[in-house]
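Shown here: data_38.cif, mmCIF, C-alpha atoms and all ligand atoms; chains and numbers go by the auth columns.
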data_upload
loop_
_atom_site.group_PDB
_atom_site.id
_atom_site.type_symbol
_atom_site.label_atom_id
_atom_site.label_comp_id
_atom_site.label_asym_id
_atom_site.label_seq_id
_atom_site.Cartn_x
_atom_site.Cartn_y
_atom_site.Cartn_z
_atom_site.B_iso_or_equiv
_atom_site.auth_seq_id
_atom_site.auth_asym_id
ATOM 1 C CA MET A 1 0.000 0.000 0.000 0.00 154 A
ATOM 2 C CA LYS A 2 1.072 3.532 -0.703 0.00 155 A
ATOM 3 C CA LEU A 3 0.057 6.356 1.620 0.00 156 A
ATOM 4 C CA TYR A 4 0.248 9.916 0.297 0.00 157 A
ATOM 5 C CA TRP A 5 1.000 11.978 3.349 0.00 158 A
ATOM 6 C CA CYS A 6 2.143 15.366 4.606 0.00 159 A
ATOM 7 C CA PRO A 7 3.135 15.929 8.238 0.00 160 A
ATOM 8 C CA LYS A 8 0.780 17.743 10.619 0.00 161 A
ATOM 9 C CA THR A 9 -2.288 17.212 8.455 0.00 162 A
ATOM 10 C CA ARG A 10 -5.293 14.907 8.498 0.00 163 A
ATOM 11 C CA ALA A 11 -2.970 12.300 6.980 0.00 164 A
ATOM 12 C CA VAL A 12 -1.947 11.492 10.569 0.00 165 A
ATOM 13 C CA ARG A 13 -5.208 9.566 10.863 0.00 166 A
ATOM 14 C CA ALA A 14 -4.278 7.134 8.105 0.00 167 A
ATOM 15 C CA LEU A 15 -0.732 6.887 9.422 0.00 168 A
ATOM 16 C CA TRP A 16 -1.947 6.001 12.921 0.00 169 A
ATOM 17 C CA MET A 17 -4.392 3.471 11.490 0.00 170 A
ATOM 18 C CA LEU A 18 -1.609 1.749 9.527 0.00 171 A
ATOM 19 C CA GLU A 19 0.612 1.733 12.596 0.00 172 A
ATOM 20 C CA GLU A 20 -2.188 0.206 14.697 0.00 173 A
ATOM 21 C CA LEU A 21 -2.527 -2.545 12.079 0.00 174 A
ATOM 22 C CA GLY A 22 1.220 -3.119 11.806 0.00 175 A
ATOM 23 C CA VAL A 23 0.964 -3.844 8.077 0.00 176 A
ATOM 24 C CA PRO A 24 3.617 -2.868 5.507 0.00 177 A
ATOM 25 C CA TYR A 25 3.106 0.356 3.577 0.00 178 A
ATOM 26 C CA GLU A 26 5.108 2.979 1.749 0.00 179 A
ATOM 27 C CA ARG A 27 4.811 6.616 2.773 0.00 180 A
ATOM 28 C CA VAL A 28 4.974 9.190 -0.024 0.00 181 A
ATOM 29 C CA PHE A 29 5.476 12.804 1.013 0.00 182 A
ATOM 30 C CA ILE A 30 3.355 15.405 -0.767 0.00 183 A
ATOM 31 C CA ASP A 31 4.042 18.995 0.156 0.00 184 A
ATOM 32 C CA ILE A 32 0.501 20.384 0.171 0.00 185 A
ATOM 33 C CA ARG A 33 1.870 23.945 0.038 0.00 186 A
ATOM 34 C CA ASP A 34 3.603 23.196 -3.277 0.00 187 A
ATOM 35 C CA ALA A 35 1.323 23.368 -6.336 0.00 188 A
ATOM 36 C CA THR A 36 3.783 21.362 -8.460 0.00 189 A
ATOM 37 C CA ALA A 37 3.912 18.535 -5.935 0.00 190 A
ATOM 38 C CA LYS A 38 0.128 18.508 -5.738 0.00 191 A
ATOM 39 C CA ALA A 39 -0.120 18.320 -9.533 0.00 192 A
ATOM 40 C CA ASP A 40 1.928 15.095 -9.664 0.00 193 A
ATOM 41 C CA PRO A 41 -0.123 12.764 -11.927 0.00 194 A
ATOM 42 C CA ALA A 42 0.372 9.664 -9.749 0.00 195 A
ATOM 43 C CA PHE A 43 -0.810 11.606 -6.706 0.00 196 A
ATOM 44 C CA ARG A 44 -3.783 13.115 -8.559 0.00 197 A
ATOM 45 C CA ALA A 45 -4.792 9.665 -9.765 0.00 198 A
ATOM 46 C CA ALA A 46 -5.000 8.602 -6.119 0.00 199 A
ATOM 47 C CA SER A 47 -6.424 11.878 -4.860 0.00 200 A
ATOM 48 C CA PRO A 48 -8.610 13.752 -7.393 0.00 201 A
ATOM 49 C CA MET A 49 -9.002 16.692 -4.994 0.00 202 A
ATOM 50 C CA GLY A 50 -5.258 16.898 -4.433 0.00 203 A
ATOM 51 C CA LYS A 51 -5.670 16.362 -0.705 0.00 204 A
ATOM 52 C CA VAL A 52 -3.930 14.134 1.824 0.00 205 A
ATOM 53 C CA PRO A 53 -4.326 11.497 3.026 0.00 206 A
ATOM 54 C CA ALA A 54 -4.792 9.275 -0.007 0.00 207 A
ATOM 55 C CA LEU A 55 -4.247 5.533 -0.084 0.00 208 A
ATOM 56 C CA GLU A 56 -3.422 3.263 -2.994 0.00 209 A
ATOM 57 C CA ASP A 57 -3.906 -0.451 -2.491 0.00 210 A
ATOM 58 C CA GLY A 58 -3.601 -2.267 -5.817 0.00 211 A
ATOM 59 C CA SER A 59 -6.374 -0.836 -7.972 0.00 212 A
ATOM 60 C CA THR A 60 -8.200 0.609 -4.932 0.00 213 A
ATOM 61 C CA ARG A 61 -7.806 4.326 -4.355 0.00 214 A
ATOM 62 C CA LEU A 62 -9.205 6.228 -1.404 0.00 215 A
ATOM 63 C CA TRP A 63 -8.861 9.931 -0.704 0.00 216 A
ATOM 64 C CA ASP A 64 -10.586 10.567 2.576 0.00 217 A
ATOM 65 C CA SER A 65 -9.291 9.830 6.076 0.00 218 A
ATOM 66 C CA GLY A 66 -12.644 8.376 7.143 0.00 219 A
ATOM 67 C CA ALA A 67 -12.921 6.122 4.104 0.00 220 A
ATOM 68 C CA ILE A 68 -9.298 5.013 4.553 0.00 221 A
ATOM 69 C CA CYS A 69 -9.800 4.078 8.215 0.00 222 A
ATOM 70 C CA ALA A 70 -13.053 2.229 7.431 0.00 223 A
ATOM 71 C CA TYR A 71 -11.417 0.384 4.521 0.00 224 A
ATOM 72 C CA LEU A 72 -8.304 -0.652 6.442 0.00 225 A
ATOM 73 C CA ALA A 73 -10.263 -1.820 9.485 0.00 226 A
ATOM 74 C CA ASP A 74 -12.369 -4.093 7.274 0.00 227 A
ATOM 75 C CA GLN A 75 -9.425 -5.275 5.163 0.00 228 A
ATOM 76 C CA TYR A 76 -7.505 -6.458 8.234 0.00 229 A
ATOM 77 C CA PRO A 77 -10.206 -7.937 10.486 0.00 230 A
ATOM 78 C CA ARG A 78 -7.708 -9.853 12.602 0.00 231 A
ATOM 79 C CA ALA A 79 -6.574 -6.556 14.155 0.00 232 A
ATOM 80 C CA GLY A 80 -10.078 -6.186 15.618 0.00 233 A
ATOM 81 C CA LEU A 81 -10.415 -2.487 14.783 0.00 234 A
ATOM 82 C CA ALA A 82 -13.963 -2.865 13.396 0.00 235 A
ATOM 83 C CA PRO A 83 -16.779 -4.867 14.952 0.00 236 A
ATOM 84 C CA PRO A 84 -17.740 -7.199 12.090 0.00 237 A
ATOM 85 C CA VAL A 85 -21.114 -7.189 10.307 0.00 238 A
ATOM 86 C CA GLY A 86 -23.583 -8.892 12.657 0.00 239 A
ATOM 87 C CA ASP A 87 -21.733 -7.828 15.819 0.00 240 A
ATOM 88 C CA PRO A 88 -23.992 -5.933 18.280 0.00 241 A
ATOM 89 C CA ASP A 89 -21.456 -3.056 18.298 0.00 242 A
ATOM 90 C CA ARG A 90 -21.405 -2.699 14.489 0.00 243 A
ATOM 91 C CA GLY A 91 -24.101 -0.015 14.289 0.00 244 A
ATOM 92 C CA ARG A 92 -22.646 2.086 17.101 0.00 245 A
ATOM 93 C CA TYR A 93 -19.218 1.705 15.512 0.00 246 A
ATOM 94 C CA LEU A 94 -20.433 2.994 12.135 0.00 247 A
ATOM 95 C CA GLN A 95 -22.233 5.887 13.774 0.00 248 A
ATOM 96 C CA TRP A 96 -19.079 7.043 15.560 0.00 249 A
ATOM 97 C CA LEU A 97 -16.797 6.184 12.641 0.00 250 A
ATOM 98 C CA LEU A 98 -18.650 8.753 10.530 0.00 251 A
ATOM 99 C CA TYR A 99 -18.996 11.345 13.284 0.00 252 A
ATOM 100 C CA THR A 100 -15.578 12.945 12.746 0.00 253 A
ATOM 101 C CA ASN A 101 -15.833 13.763 9.064 0.00 254 A
ATOM 102 C CA ALA A 102 -19.604 14.211 8.918 0.00 255 A
ATOM 103 C CA VAL A 103 -20.174 16.213 12.108 0.00 256 A
ATOM 104 C CA ILE A 104 -16.992 17.356 13.895 0.00 257 A
ATOM 105 C CA GLU A 105 -15.268 18.645 10.761 0.00 258 A
ATOM 106 C CA PRO A 106 -18.095 20.874 9.471 0.00 259 A
ATOM 107 C CA ALA A 107 -18.856 22.014 13.033 0.00 260 A
ATOM 108 C CA MET A 108 -15.215 23.102 13.388 0.00 261 A
ATOM 109 C CA ALA A 109 -15.491 25.006 10.104 0.00 262 A
ATOM 110 C CA GLU A 110 -18.547 26.746 11.523 0.00 263 A
ATOM 111 C CA LYS A 111 -16.530 27.693 14.610 0.00 264 A
ATOM 112 C CA PHE A 112 -13.489 28.913 12.639 0.00 265 A
ATOM 113 C CA THR A 113 -15.533 31.011 10.228 0.00 266 A
ATOM 114 C CA ASN A 114 -18.147 32.218 12.722 0.00 267 A
ATOM 115 C CA ALA A 115 -20.773 31.040 10.260 0.00 268 A
ATOM 116 C CA PRO A 116 -24.358 31.646 11.349 0.00 269 A
ATOM 117 C CA VAL A 117 -25.806 28.582 13.055 0.00 270 A
ATOM 118 C CA SER A 118 -28.848 26.887 11.614 0.00 271 A
ATOM 119 C CA ALA A 119 -28.966 23.728 13.718 0.00 272 A
ATOM 120 C CA ALA A 120 -32.035 22.318 12.004 0.00 273 A
ATOM 121 C CA ALA A 121 -30.747 22.893 8.467 0.00 274 A
ATOM 122 C CA HIS A 122 -27.097 21.930 9.030 0.00 275 A
ATOM 123 C CA GLY A 123 -26.446 18.213 8.973 0.00 276 A
ATOM 124 C CA TRP A 124 -23.921 18.629 11.779 0.00 277 A
ATOM 125 C CA GLY A 125 -26.341 20.573 14.005 0.00 278 A
ATOM 126 C CA SER A 126 -24.133 23.179 15.598 0.00 279 A
ATOM 127 C CA TYR A 127 -20.677 23.299 17.125 0.00 280 A
ATOM 128 C CA ASP A 128 -22.131 23.201 20.656 0.00 281 A
ATOM 129 C CA GLN A 129 -24.428 20.314 19.835 0.00 282 A
ATOM 130 C CA MET A 130 -21.524 18.414 18.230 0.00 283 A
ATOM 131 C CA LEU A 131 -19.495 18.848 21.419 0.00 284 A
ATOM 132 C CA GLU A 132 -22.311 17.890 23.768 0.00 285 A
ATOM 133 C CA VAL A 133 -23.039 14.658 21.872 0.00 286 A
ATOM 134 C CA LEU A 134 -19.325 13.856 21.671 0.00 287 A
ATOM 135 C CA ARG A 135 -18.883 14.393 25.417 0.00 288 A
ATOM 136 C CA THR A 136 -21.829 12.124 26.185 0.00 289 A
ATOM 137 C CA GLY A 137 -20.405 9.460 23.870 0.00 290 A
ATOM 138 C CA LEU A 138 -17.006 9.579 25.536 0.00 291 A
ATOM 139 C CA ALA A 139 -18.319 9.694 29.115 0.00 292 A
ATOM 140 C CA ALA A 140 -18.165 5.946 29.841 0.00 293 A
ATOM 141 C CA GLY A 141 -14.798 5.323 28.144 0.00 294 A
ATOM 142 C CA PRO A 142 -12.106 4.335 27.929 0.00 295 A
ATOM 143 C CA TRP A 143 -12.914 4.249 24.174 0.00 296 A
ATOM 144 C CA ILE A 144 -15.939 5.345 22.177 0.00 297 A
ATOM 145 C CA LEU A 145 -17.262 1.747 22.144 0.00 298 A
ATOM 146 C CA GLY A 146 -16.318 1.206 25.796 0.00 299 A
ATOM 147 C CA ALA A 147 -13.609 -1.372 26.400 0.00 300 A
ATOM 148 C CA ARG A 148 -13.091 -1.951 22.672 0.00 301 A
ATOM 149 C CA PHE A 149 -10.630 0.312 20.803 0.00 302 A
ATOM 150 C CA SER A 150 -11.649 0.718 17.144 0.00 303 A
ATOM 151 C CA ALA A 151 -10.978 2.686 13.966 0.00 304 A
ATOM 152 C CA ALA A 152 -13.622 5.153 15.199 0.00 305 A
ATOM 153 C CA ASP A 153 -11.157 6.115 17.974 0.00 306 A
ATOM 154 C CA VAL A 154 -8.439 6.773 15.406 0.00 307 A
ATOM 155 C CA LEU A 155 -10.651 9.413 13.796 0.00 308 A
ATOM 156 C CA LEU A 156 -12.225 10.774 16.987 0.00 309 A
ATOM 157 C CA GLY A 157 -8.929 10.725 18.886 0.00 310 A
ATOM 158 C CA THR A 158 -7.132 12.822 16.286 0.00 311 A
ATOM 159 C CA ALA A 159 -10.112 15.196 16.040 0.00 312 A
ATOM 160 C CA CYS A 160 -10.216 15.621 19.844 0.00 313 A
ATOM 161 C CA HIS A 161 -6.450 16.165 19.881 0.00 314 A
ATOM 162 C CA PHE A 162 -6.939 18.937 17.323 0.00 315 A
ATOM 163 C CA LEU A 163 -9.769 20.485 19.397 0.00 316 A
ATOM 164 C CA ARG A 164 -7.436 20.573 22.410 0.00 317 A
ATOM 165 C CA GLN A 165 -4.353 21.800 20.506 0.00 318 A
ATOM 166 C CA PHE A 166 -6.252 24.651 18.902 0.00 319 A
ATOM 167 C CA LYS A 167 -8.084 25.517 22.122 0.00 320 A
ATOM 168 C CA LEU A 168 -11.452 25.014 20.463 0.00 321 A
ATOM 169 C CA VAL A 169 -12.742 23.458 23.649 0.00 322 A
ATOM 170 C CA ASP A 170 -12.512 24.667 27.262 0.00 323 A
ATOM 171 C CA ALA A 171 -10.696 22.456 29.787 0.00 324 A
ATOM 172 C CA ASP A 172 -12.623 19.211 29.694 0.00 325 A
ATOM 173 C CA ALA A 173 -11.277 16.452 31.943 0.00 326 A
ATOM 174 C CA ALA A 174 -12.966 13.510 30.173 0.00 327 A
ATOM 175 C CA LEU A 175 -12.180 14.676 26.642 0.00 328 A
ATOM 176 C CA PHE A 176 -8.560 15.524 27.513 0.00 329 A
ATOM 177 C CA ALA A 177 -8.099 12.179 29.288 0.00 330 A
ATOM 178 C CA TYR A 178 -9.376 10.465 26.128 0.00 331 A
ATOM 179 C CA VAL A 179 -6.802 12.371 24.045 0.00 332 A
ATOM 180 C CA ASP A 180 -4.069 11.362 26.499 0.00 333 A
ATOM 181 C CA ARG A 181 -5.108 7.708 26.273 0.00 334 A
ATOM 182 C CA CYS A 182 -4.917 7.927 22.477 0.00 335 A
ATOM 183 C CA LEU A 183 -1.493 9.595 22.585 0.00 336 A
ATOM 184 C CA ALA A 184 -0.183 6.929 24.958 0.00 337 A
ATOM 185 C CA ARG A 185 -0.885 4.050 22.588 0.00 338 A
ATOM 186 C CA PRO A 186 2.363 2.577 21.227 0.00 339 A
ATOM 187 C CA ALA A 187 1.103 2.879 17.632 0.00 340 A
ATOM 188 C CA MET A 188 0.361 6.573 18.199 0.00 341 A
ATOM 189 C CA GLN A 189 3.815 7.100 19.706 0.00 342 A
ATOM 190 C CA ARG A 190 5.319 5.607 16.542 0.00 343 A
ATOM 191 C CA THR A 191 2.985 7.753 14.447 0.00 344 A
ATOM 192 C CA MET A 192 4.097 10.959 16.137 0.00 345 A
ATOM 193 C CA ALA A 193 7.731 10.026 15.542 0.00 346 A
ATOM 194 C CA LEU A 194 6.929 9.457 11.843 0.00 347 A
ATOM 195 C CA ASP A 195 4.731 12.537 11.397 0.00 348 A
ATOM 196 C CA VAL A 196 7.690 14.867 10.773 0.00 349 A
ATOM 197 C CA LEU A 197 9.873 15.594 7.783 0.00 350 A
HETATM 198 N N1 LIG B . -11.982 15.019 4.019 0.00 401 B
HETATM 199 C C1 LIG B . -10.603 14.927 3.828 0.00 401 B
HETATM 200 C C2 LIG B . -9.960 16.265 3.990 0.00 401 B
HETATM 201 C C3 LIG B . -8.485 16.193 3.703 0.00 401 B
HETATM 202 C C4 LIG B . -7.876 17.569 3.689 0.00 401 B
HETATM 203 O O1 LIG B . -8.535 18.605 3.596 0.00 401 B
HETATM 204 N N2 LIG B . -6.517 17.595 3.759 0.00 401 B
HETATM 205 C C5 LIG B . -5.799 18.844 3.731 0.00 401 B
HETATM 206 C C6 LIG B . -4.676 18.789 4.780 0.00 401 B
HETATM 207 S S1 LIG B . -5.280 18.609 6.417 0.00 401 B
HETATM 208 C C7 LIG B . -5.151 19.017 2.368 0.00 401 B
HETATM 209 O O2 LIG B . -4.651 18.072 1.793 0.00 401 B
HETATM 210 N N3 LIG B . -5.136 20.242 1.863 0.00 401 B
HETATM 211 C C8 LIG B . -4.436 20.580 0.651 0.00 401 B
HETATM 212 C C9 LIG B . -5.319 21.204 -0.385 0.00 401 B
HETATM 213 O O3 LIG B . -6.546 21.128 -0.273 0.00 401 B
HETATM 214 O O4 LIG B . -4.767 21.786 -1.304 0.00 401 B
HETATM 215 C C10 LIG B . -10.025 13.906 4.807 0.00 401 B
HETATM 216 O O5 LIG B . -10.397 13.916 5.976 0.00 401 B
HETATM 217 O O6 LIG B . -9.194 13.116 4.371 0.00 401 B
#
Could I get this structure in the form of structure tokens?
Amino acid sequence: MKLYWCPKTRAVRALWMLEELGVPYERVFIDIRDATAKADPAFRAASPMGKVPALEDGSTRLWDSGAICAYLADQYPRAGLAPPVGDPDRGRYLQWLLYTNAVIEPAMAEKFTNAPVSAAAHGWGSYDQMLEVLRTGLAAGPWILGARFSAADVLLGTACHFLRQFKLVDADAALFAYVDRCLARPAMQRTMALDVL
């Protein structure tokens, strides 16, 4: 597999996922600030929007961190990062797996741009609603599905880390403890060491 990556971007999600799985992959650096690098035909074939992360696995090409995490978790079931179809946790897993890119991301954009809130019309509700639901989901812990760590934590963990780093959330003991648990995982430690130039 080939992972198109740039440090300190959403590509960290795919990197962490691959490190959790412990499977072989090649990391290809794309400087997202360099238009020439982003125009590279091989990269654009894998990532039509010219964004990282993008993953190439044989003829399969994925260009979204959520899709990549979902794909990898299902491709390598032995790692146990996705409750399988038929498992009682499968529905809850899918719900939280999509929460980062479908709800947290647009809610953060709302916050950054001070966009007017229309909770009923916006699919993500509002920034405050996003946070309240996230906090409730994380309350039991240690992971979003309870005792079971999953690909949903890879996405949520990196999103919560971002919320803390960019001070988008006031001191929140449960959310910060969740981030710390994510950062303490050996695969995340390896990821942080790799996520530099
Ligand atoms: N929905 C995508 C968003 C990816 C994304 O926006 N990546 C940014 C870096 S964090 C990027 O590549 N930006 C470069 C550009 O758009 O030119 C995902 O989560 O994978």
Starting from 8 Å padding per side, set up an axis-aligned box that covers all listed atoms of ligand LIG 401 (chain B) and hand over centre and edge lengths in Å, one decimal, as AutoDock Vina command-line options.
--center_x -8.2 --center_y 17.5 --center_z 2.6 --size_x 23.5 --size_y 24.7 --size_z 23.7
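Within 10 Å of the point (-1.5, 15.7, -1.9), counting all atoms listed in the file, the protein and nucleic acid residues come to Tyr157, Trp158, Cys159, Ala164, Val181, Phe182, Ile183, Asp184, Ile185, Arg186, Asp187, Ala188, Ala190, Lys191, Ala192, Asp193, Phe196, Arg197, Ala199, Ser200, Pro201, Met202, Gly203, Lys204, Val205, Pro206, Ala207 and Trp216 of chain A.
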Expansion of the PyMOL selection byres (((chain A and resi 265-280) around 12) and not hetatm) into residues, as a ChimeraX atom specification: /A:251-264,281-287,316,319-322
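What separates atom CA of Ser303 of chain A from atom CA of Tyr224 of chain A is a distance of 12.6 Å.
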Atom-to-atom span, atom CA of Gly211 of chain A and atom CA of Gln342 of chain A, Å: 28.2 Å
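Using all atoms listed in the file, the shortest contact distance between Leu308 of chain A and any of A:Pro295, A:Pro160, A:Gly290, A:Gly219 is found at A:Gly219.
Here the PyMOL selection byres (((chain A and resi 221-223) around 9) and not hetatm) captures the residues Arg166, Ala167, Met170, Leu171, Pro206, Ala207, Leu208, Leu215, Trp216, Asp217, Ser218, Gly219, Ala220, Tyr224, Leu225, Ala226, Asp227, Gln228, Ala235, Leu247, Leu250, Ala304, Ala305, Val307 and Leu308 of chain A.
Counting from atom CA of Ala340 of chain A, the distance to atom CA of Glu172 of chain A is 5.2 Å.
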Since fewer atoms than expected are present, regenerate N, CA and C atoms for segment 223-236 of chain A and write them as a PDB file, in the coordinates of the input.
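New file result_7.pdb:
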ATOM      1  N   ALA A 223     -12.003   3.245   7.552  1.00  0.00           N
ATOM      2  CA  ALA A 223     -13.053   2.229   7.431  1.00  0.00           C
ATOM      3  C   ALA A 223     -12.552   1.060   6.573  1.00  0.00           C
ATOM      4  N   TYR A 224     -11.915   1.397   5.460  1.00  0.00           N
ATOM      5  CA  TYR A 224     -11.417   0.384   4.521  1.00  0.00           C
ATOM      6  C   TYR A 224     -10.368  -0.511   5.196  1.00  0.00           C
ATOM      7  N   LEU A 225      -9.402   0.120   5.836  1.00  0.00           N
ATOM      8  CA  LEU A 225      -8.304  -0.652   6.442  1.00  0.00           C
ATOM      9  C   LEU A 225      -8.813  -1.549   7.577  1.00  0.00           C
ATOM     10  N   ALA A 226      -9.733  -1.018   8.368  1.00  0.00           N
ATOM     11  CA  ALA A 226     -10.263  -1.820   9.485  1.00  0.00           C
ATOM     12  C   ALA A 226     -10.951  -3.078   8.948  1.00  0.00           C
ATOM     13  N   ASP A 227     -11.675  -2.933   7.848  1.00  0.00           N
ATOM     14  CA  ASP A 227     -12.369  -4.093   7.274  1.00  0.00           C
ATOM     15  C   ASP A 227     -11.417  -5.024   6.517  1.00  0.00           C
ATOM     16  N   GLN A 228     -10.380  -4.453   5.916  1.00  0.00           N
ATOM     17  CA  GLN A 228      -9.425  -5.275   5.163  1.00  0.00           C
ATOM     18  C   GLN A 228      -8.589  -6.176   6.074  1.00  0.00           C
ATOM     19  N   TYR A 229      -8.366  -5.701   7.294  1.00  0.00           N
ATOM     20  CA  TYR A 229      -7.505  -6.458   8.234  1.00  0.00           C
ATOM     21  C   TYR A 229      -8.306  -6.797   9.493  1.00  0.00           C
ATOM     22  N   PRO A 230      -9.293  -7.671   9.369  1.00  0.00           N
ATOM     23  CA  PRO A 230     -10.206  -7.937  10.486  1.00  0.00           C
ATOM     24  C   PRO A 230      -9.512  -8.535  11.710  1.00  0.00           C
ATOM     25  N   ARG A 231      -8.374  -9.210  11.466  1.00  0.00           N
ATOM     26  CA  ARG A 231      -7.708  -9.853  12.602  1.00  0.00           C
ATOM     27  C   ARG A 231      -7.229  -8.841  13.641  1.00  0.00           C
ATOM     28  N   ALA A 232      -7.025  -7.590  13.210  1.00  0.00           N
ATOM     29  CA  ALA A 232      -6.574  -6.556  14.155  1.00  0.00           C
ATOM     30  C   ALA A 232      -7.707  -6.129  15.086  1.00  0.00           C
ATOM     31  N   GLY A 233      -8.940  -6.473  14.736  1.00  0.00           N
ATOM     32  CA  GLY A 233     -10.078  -6.186  15.618  1.00  0.00           C
ATOM     33  C   GLY A 233     -10.410  -4.707  15.741  1.00  0.00           C
ATOM     34  N   LEU A 234     -10.144  -3.933  14.697  1.00  0.00           N
ATOM     35  CA  LEU A 234     -10.415  -2.487  14.783  1.00  0.00           C
ATOM     36  C   LEU A 234     -11.787  -2.105  14.236  1.00  0.00           C
ATOM     37  N   ALA A 235     -12.583  -3.114  13.823  1.00  0.00           N
ATOM     38  CA  ALA A 235     -13.963  -2.865  13.396  1.00  0.00           C
ATOM     39  C   ALA A 235     -14.820  -4.031  13.853  1.00  0.00           C
ATOM     40  N   PRO A 236     -15.853  -3.772  14.656  1.00  0.00           N
ATOM     41  CA  PRO A 236     -16.779  -4.867  14.952  1.00  0.00           C
ATOM     42  C   PRO A 236     -17.351  -5.376  13.627  1.00  0.00           C
TER      43      PRO A 236
END
